[in-house]
Amino acid sequence: MTTAPPLKVESISKRYHARHGTVYALRDLSFEIRAGRSMSIVGESGCGKTTAAYCIAGLQPVDAGTVYLAGEDFSGATRVQQKRLRRDFGIVFQNPLSALNPRMRIWQNVAEPLRVHEPNMGVSNRKQLAESMLKRVGLGLQHLQAFPGELSGGQLQRVVLARALILNPKLVILDEPTSALDVSIQAQVLNLLQELRDTLALSYLFITHNLALVEVLTDDVMVMYAGRVVESGPADVVFAKPRHPYTRELIQSIPDPSPGNRKMLGLNDYSAVQQIAGGGCAFRQRCSNARAGCSEVIPPLDFQAHAVACLYPIS
Amino acid sequence: MSQGLVISDLTLEFAHGRGRAAAVDRCSLMVRSKEILGLVGESGSGKSLTALACLGLTPSNCRASGSVRVNGDEIVGAFEATLTNLRGRRIAMIFQNPMTALNPYFTIGNQMVGVIRQHFPIDRSEAKQEAAAALKQAGLTDVVLNRYPHQMSGGQLQRAMIAMAIACKPEVLIADEPTTALDVTVQARILSLLRSLADQGMGILLITHDLGVVAQVADRVAVMYSGRIIESGDLNQVFSATAHPYSLGLMEASPMMGMGRRKLRAIPGVVPDFRSRPAGCAFRDRCAQAQDVCALGVVPQTEIAAEHQVRCHFPIRESQGAELK
Amino acid sequence: MSSSTSSRLFSWLARYIAWSRRNIFVTICATGFGLIVLMALLAPFLGLADPKQIDFAAKLLRPSSTHWFGTDGLGRDIFSGVVHGARVSLLVAFGVVFIAAAIGIPIGLVSGYAGGWVDTFFMRISDVFLAFPPLLLPITLSALLGPGLFNATCAVAISWFPWYARLIRSSVLTVKSELYIQSARAIGTNPFSIAMHHVLPNSLSPVVVQASLDFGFAILTTASLSFIGMGAVPPTVEWGLMVASSRSVFLEYWWTAMFPGLAIFLTVFFANVVVDGVRDSLDPKLRGAP
């Protein structure tokens, strides 16, 4: 018997209305995360990755398309129906301090999903489960009664993780979980995420702007630009041999911490990722490879294991 | 040839419930002209405070001692009037978040002209020309003169802030995490700009937590931990023959492309608060090779190679380093 | 009491004492306020003269050992009047603040959380109330409702609730955008539960501060209302009324106005100083490691 994939996204779009017309924050995004595998979405600010995370988590409604959680329609469900499906995923945000109720104690924050989904479970049972979950993420019991303001960033992110995992979901959405943390703390949290993924057989949807973290946590990657996927596939393949000019530029821009490997780029700055008028590829103004056909048609994502949306991909 | 920025035994103390504690403890640094010194540290290291001290901008409850000289002029203890003359003209600073560091109510041109005319007795049109020249140097056109901050992107704003900082041609530029809030493609270009500014004669103190950034543009590097400089020297030396366990730990914890699914080597524990710093070496509670002597007194600085100093009783020798990596 | 609870209490006490040392002035005022409250609570048991007892033979006597604050135009002991008046004034002040908050908080919470036309509706109603000059509305409402302290309390409370509504609404607007609200939604918490468990507790602190400040103002306002004949009516013992009834004689017989006036002044002053002094510790965000 085949089990449904933890997450399947079919052609979701999200638009908003600006002065100069309709702008698509997200356009026809489709992908699937199979059981036991994890996926990263990478891109720079404005590419739509955070919008994608929020739409998938049901925090924003989609304007088109469907989100399936464990095979069931999530985005089209009513709030009550959605509640039942929300047990199947947990979410970790970028800013751990803001993600916890400052007036609730740590154990109460962690036990919150239990209070919502298991109303018949008594307070002491909830507290016990919260305790064991906090131990699982490496936090001592002395933090149980503390308030969020008393803990450090790294500790707080562990608390958020404990809360996300307390209902034993199979999918965890991680929206830039370590961007606000120092390098050494980031390493601790990433190691913890790796370990939990392996011991609990979790699937991650990992949103990040830091390409170096992709391979640490996930198998597959999708590169987004201006609301669309421009390249996707297994992370090692995509990074070793990028096919889209934007992916290549991203990889080249990452500062490599080995001084022997200096790369200098030109002085010209381009304006931020944005929708540009007219049809055609959104990246064409920045692309060194752009040709006549690029302004006419939006390149579709070809259906391969290592897919790219470009009329003239790098071979 | 300008003497650049010379920091000697800088100590920044704060009062707290139980006495005084030094957030920055006897730091010594030097930034010569035409060079970029990367100051690396995490939160709690005191790096941003050090930057503020270089312009005399530390908070009023902070007591500064030691010396910070900009091209010979002393900053610590100087009168406000002296400092106002030095700021912008001899030493300038750019900050992490360009959106909040620029006044949203005035155009970029307005703000730049204001700064220029404060230091030079020239009229508005001349000042505007200077501003345009600075913008060009920073990679922007003079259209920006009439733009407001909210009309520009993060990368453009950072360039505008750099232009404003260099408009009076200071000898020293302090950049406090200038690219942390920017996208990685934009970051690469801003770093290029900083490199070209240094090549043209400026001395730049680049403060960051990102080792990759340092590796790409710096000539020399200093690593700061809990208010102290624990390792410093020539960039290649420090990166290839890393001597302090903390610096090595930082390098191993920094994720790199192409590492695959390898587990990152995390440093256990957290940075101590400067008010409750352990005696002796501040890193010893987290250090795998700490011994009893590490708890006694100030750790002396040793020169383990030309252009490479470290503050550790047991610096990692080259052979060990290869094993640990 | 378990050892952890007692040690927590002990450390709390130690911190409190250390804080009091650093803020001597606030501590003195807090003690003063505490004494006034104590006085109000114990008034009937202190064996004082009946403050309502009229005795024309003893009218307008100077402060002496028998009448510490002297007597008023009807021979009533002023000291006893001040002590008993404390009960009324404090009760009324508390009542005003409580009712105003009880009306304003739900309105502001719903307004801020729901947004849209609900928000517009409630805020426009509040604007109407806020458009009146500060004392005019209580006076008008008081006149409508008739004399009496209870009516005066309601009048002031109804005039003041829009402030609380606005305060909590702006707090709610900020809290709404915090990530823990998004987390609660992601978990599947229903909107009512989010409003009660997450939004309300975190929006209350500016309201608490305002309420504490308003305490002093409430005393002043009710005293003022009594002064112009709108609030307390005889034979109720109330500080404002005491000042009012001394109107015609206080120039010669200063003690008739001085002591009740001083009581009003000191209570309001102490209350405000205390609130100002503890305002910072009322904010949980500052509840970090010491």
# chains A, B, ... in the order shown; residues from 1 in each chain; ligands from 1
>>> closest_atom_pairs(of="chain A", to="chain C", cutoff="8 Å", atoms="only C-alpha atoms", output="JSON lines")
{"residue": "A:Ala57", "atom": "CA", "partner": "C:Ala186", "partner_atom": "CA", "distance": 6.3}
{"residue": "A:Gly58", "atom": "CA", "partner": "C:Ala186", "partner_atom": "CA", "distance": 6.9}
{"residue": "A:Leu59", "atom": "CA", "partner": "C:Ala186", "partner_atom": "CA", "distance": 6.5}
{"residue": "A:Gln82", "atom": "CA", "partner": "C:Gly188", "partner_atom": "CA", "distance": 7.4}
{"residue": "A:Lys83", "atom": "CA", "partner": "C:Gly188", "partner_atom": "CA", "distance": 4.7}
{"residue": "A:Arg84", "atom": "CA", "partner": "C:Gly188", "partner_atom": "CA", "distance": 7.9}
{"residue": "A:Arg86", "atom": "CA", "partner": "C:Ile187", "partner_atom": "CA", "distance": 6.0}
{"residue": "A:Arg87", "atom": "CA", "partner": "C:Ile187", "partner_atom": "CA", "distance": 7.2}
{"residue": "A:Gly90", "atom": "CA", "partner": "C:Ile187", "partner_atom": "CA", "distance": 7.4}
{"residue": "A:Ile91", "atom": "CA", "partner": "C:Ser183", "partner_atom": "CA", "distance": 7.3}
{"residue": "A:Phe93", "atom": "CA", "partner": "C:Leu179", "partner_atom": "CA", "distance": 7.6}
{"residue": "A:Asn95", "atom": "CA", "partner": "C:Leu179", "partner_atom": "CA", "distance": 7.8}
{"residue": "A:Ser98", "atom": "CA", "partner": "C:Leu179", "partner_atom": "CA", "distance": 5.2}
{"residue": "A:Ala99", "atom": "CA", "partner": "C:Tyr180", "partner_atom": "CA", "distance": 4.0}
{"residue": "A:Leu100", "atom": "CA", "partner": "C:Tyr180", "partner_atom": "CA", "distance": 5.0}
{"residue": "A:Asn101", "atom": "CA", "partner": "C:Tyr180", "partner_atom": "CA", "distance": 5.8}
{"residue": "A:Pro102", "atom": "CA", "partner": "C:Lys285", "partner_atom": "CA", "distance": 7.0}
{"residue": "A:Arg103", "atom": "CA", "partner": "C:Asn202", "partner_atom": "CA", "distance": 6.8}
{"residue": "A:Pro113", "atom": "CA", "partner": "C:Ile187", "partner_atom": "CA", "distance": 6.0}
{"residue": "A:Val116", "atom": "CA", "partner": "C:Thr189", "partner_atom": "CA", "distance": 5.9}
{"residue": "A:Gly149", "atom": "CA", "partner": "C:Gly288", "partner_atom": "CA", "distance": 5.1}
{"residue": "A:Glu150", "atom": "CA", "partner": "C:Gly288", "partner_atom": "CA", "distance": 4.6}
{"residue": "A:Leu151", "atom": "CA", "partner": "C:Gly288", "partner_atom": "CA", "distance": 7.9}
>>> residues_around(residues="A:Asp219", least_positions_apart="5", cutoff="8 Å", atoms="only C-alpha atoms", output="NGL selection string")
:A and (37-40 or 214 or 234-236)
>>> closest_residue(among="A:Ala307, A:Ile298, A:Leu205, A:Ala282", to="A:Gly36", atoms="only C-alpha atoms")
A:Leu205
>>> interface_residues(of="chain A", to="chain B", cutoff="6 Å", atoms="only C-alpha atoms", output="PyMOL selection string")
chain A and resi 44+182+184+187-188+212+215-216+253+255-259+262+267
>>> interface_residues(of="chain B", to="chain C", cutoff="12 Å", atoms="only C-alpha atoms", output="tab-separated table (two decimals) with C-alpha atoms, in the first residue's frame")
chain	number	residue	atom	x	y	z
B	16	HIS	CA	26.10	46.85	36.96
B	17	GLY	CA	24.58	45.61	40.18
B	18	ARG	CA	27.78	44.10	41.46
B	273	ASP	CA	27.91	37.43	29.47
B	275	ARG	CA	29.32	40.56	33.59
B	276	SER	CA	29.83	36.96	34.60
>>> residues_around(residues="stretch 153-161 of chain A", least_positions_apart="3", cutoff="6 Å", atoms="only C-alpha atoms", output="ChimeraX atom specification")
/A:96,137,164,185
>>> write_last_selection(atoms="C-alpha atoms", output="tab-separated table (two decimals), in the first residue's frame")
chain	number	residue	atom	x	y	z
A	96	PRO	CA	12.49	32.37	17.94
A	137	VAL	CA	15.79	18.77	21.90
A	164	ALA	CA	6.59	21.83	16.40
A	185	ILE	CA	24.72	28.30	17.73
>>> residues_around(residues="B:Met202", least_positions_apart="5", cutoff="7 Å", atoms="only C-alpha atoms", output="ChimeraX atom specification")
/B:33-34,171-172,197
>>> write_last_selection(atoms="N, CA and C atoms", output="mmCIF file, in the first residue's frame")
data_model
loop_
_atom_site.group_PDB
_atom_site.id
_atom_site.type_symbol
_atom_site.label_atom_id
_atom_site.label_comp_id
_atom_site.auth_asym_id
_atom_site.auth_seq_id
_atom_site.Cartn_x
_atom_site.Cartn_y
_atom_site.Cartn_z
ATOM 1 N N SER B 33 46.324 52.265 6.111
ATOM 2 C CA SER B 33 45.627 52.671 4.902
ATOM 3 C C SER B 33 45.868 51.608 3.831
ATOM 4 N N LYS B 34 44.967 51.546 2.886
ATOM 5 C CA LYS B 34 44.986 50.574 1.793
ATOM 6 C C LYS B 34 44.815 49.140 2.290
ATOM 7 N N GLU B 171 40.019 58.923 6.098
ATOM 8 C CA GLU B 171 41.123 57.982 5.978
ATOM 9 C C GLU B 171 40.732 56.584 6.414
ATOM 10 N N VAL B 172 39.766 56.562 7.351
ATOM 11 C CA VAL B 172 39.352 55.272 7.905
ATOM 12 C C VAL B 172 37.848 55.092 7.771
ATOM 13 N N LEU B 197 37.579 50.530 -2.675
ATOM 14 C CA LEU B 197 37.827 51.713 -1.853
ATOM 15 C C LEU B 197 39.148 51.576 -1.102
#
>>> residues_around(residues="C:Ser212", least_positions_apart="3", cutoff="10 Å", atoms="only C-alpha atoms", output="short mmCIF file (atom, residue, chain, number, x, y, z; two decimals) with N, CA and C atoms, in the first residue's frame")
data_model
loop_
_atom_site.label_atom_id
_atom_site.label_comp_id
_atom_site.auth_asym_id
_atom_site.auth_seq_id
_atom_site.Cartn_x
_atom_site.Cartn_y
_atom_site.Cartn_z
N PHE C 94 -11.34 53.09 42.48
CA PHE C 94 -11.20 51.73 41.99
C PHE C 94 -12.39 51.37 41.11
N VAL C 97 -12.16 53.05 37.58
CA VAL C 97 -11.17 52.41 36.72
C VAL C 97 -11.64 51.03 36.30
N PRO C 206 0.01 48.02 28.71
CA PRO C 206 -0.21 49.47 28.69
C PRO C 206 -1.52 49.87 29.39
N VAL C 207 -2.48 48.95 29.32
CA VAL C 207 -3.76 49.25 29.98
C VAL C 207 -3.59 49.27 31.49
N VAL C 208 -2.79 48.32 31.99
CA VAL C 208 -2.56 48.27 33.44
C VAL C 208 -1.89 49.56 33.91
N VAL C 209 -0.91 50.01 33.14
CA VAL C 209 -0.22 51.24 33.51
C VAL C 209 -1.19 52.41 33.50
N PHE C 215 -6.13 55.96 38.40
CA PHE C 215 -6.61 55.86 39.78
C PHE C 215 -6.58 57.22 40.45
N GLY C 216 -5.43 57.87 40.31
CA GLY C 216 -5.30 59.20 40.90
C GLY C 216 -6.27 60.19 40.28
N PHE C 217 -6.37 60.13 38.96
CA PHE C 217 -7.28 61.05 38.27
C PHE C 217 -8.73 60.82 38.67
N ALA C 271 0.02 57.73 44.55
CA ALA C 271 -0.39 56.75 43.55
C ALA C 271 0.40 56.94 42.25
N ASN C 272 0.53 58.18 41.81
CA ASN C 272 1.23 58.44 40.57
C ASN C 272 2.70 58.11 40.65
N VAL C 274 4.15 55.96 42.60
CA VAL C 274 4.31 54.50 42.66
C VAL C 274 4.16 53.89 41.27
N VAL C 275 3.15 54.31 40.55
CA VAL C 275 2.93 53.75 39.22
C VAL C 275 4.11 54.04 38.31
N ASP C 276 4.57 55.28 38.33
CA ASP C 276 5.72 55.65 37.53
C ASP C 276 6.93 54.80 37.87
N ARG C 279 6.45 51.08 36.72
CA ARG C 279 6.03 50.87 35.35
C ARG C 279 6.96 49.92 34.60
#
>>> residues_around(residues="B:Val144", least_positions_apart="3", cutoff="10 Å", atoms="only C-alpha atoms", output="PyMOL selection string")
chain B and resi 107-109+132+135+140-141+147-149+151-152+156-157+160
>>> residues_around(residues="A:Val42", least_positions_apart="5", cutoff="6 Å", atoms="only C-alpha atoms", output="list in words")
Thr208, His209 and Val223 of chain A
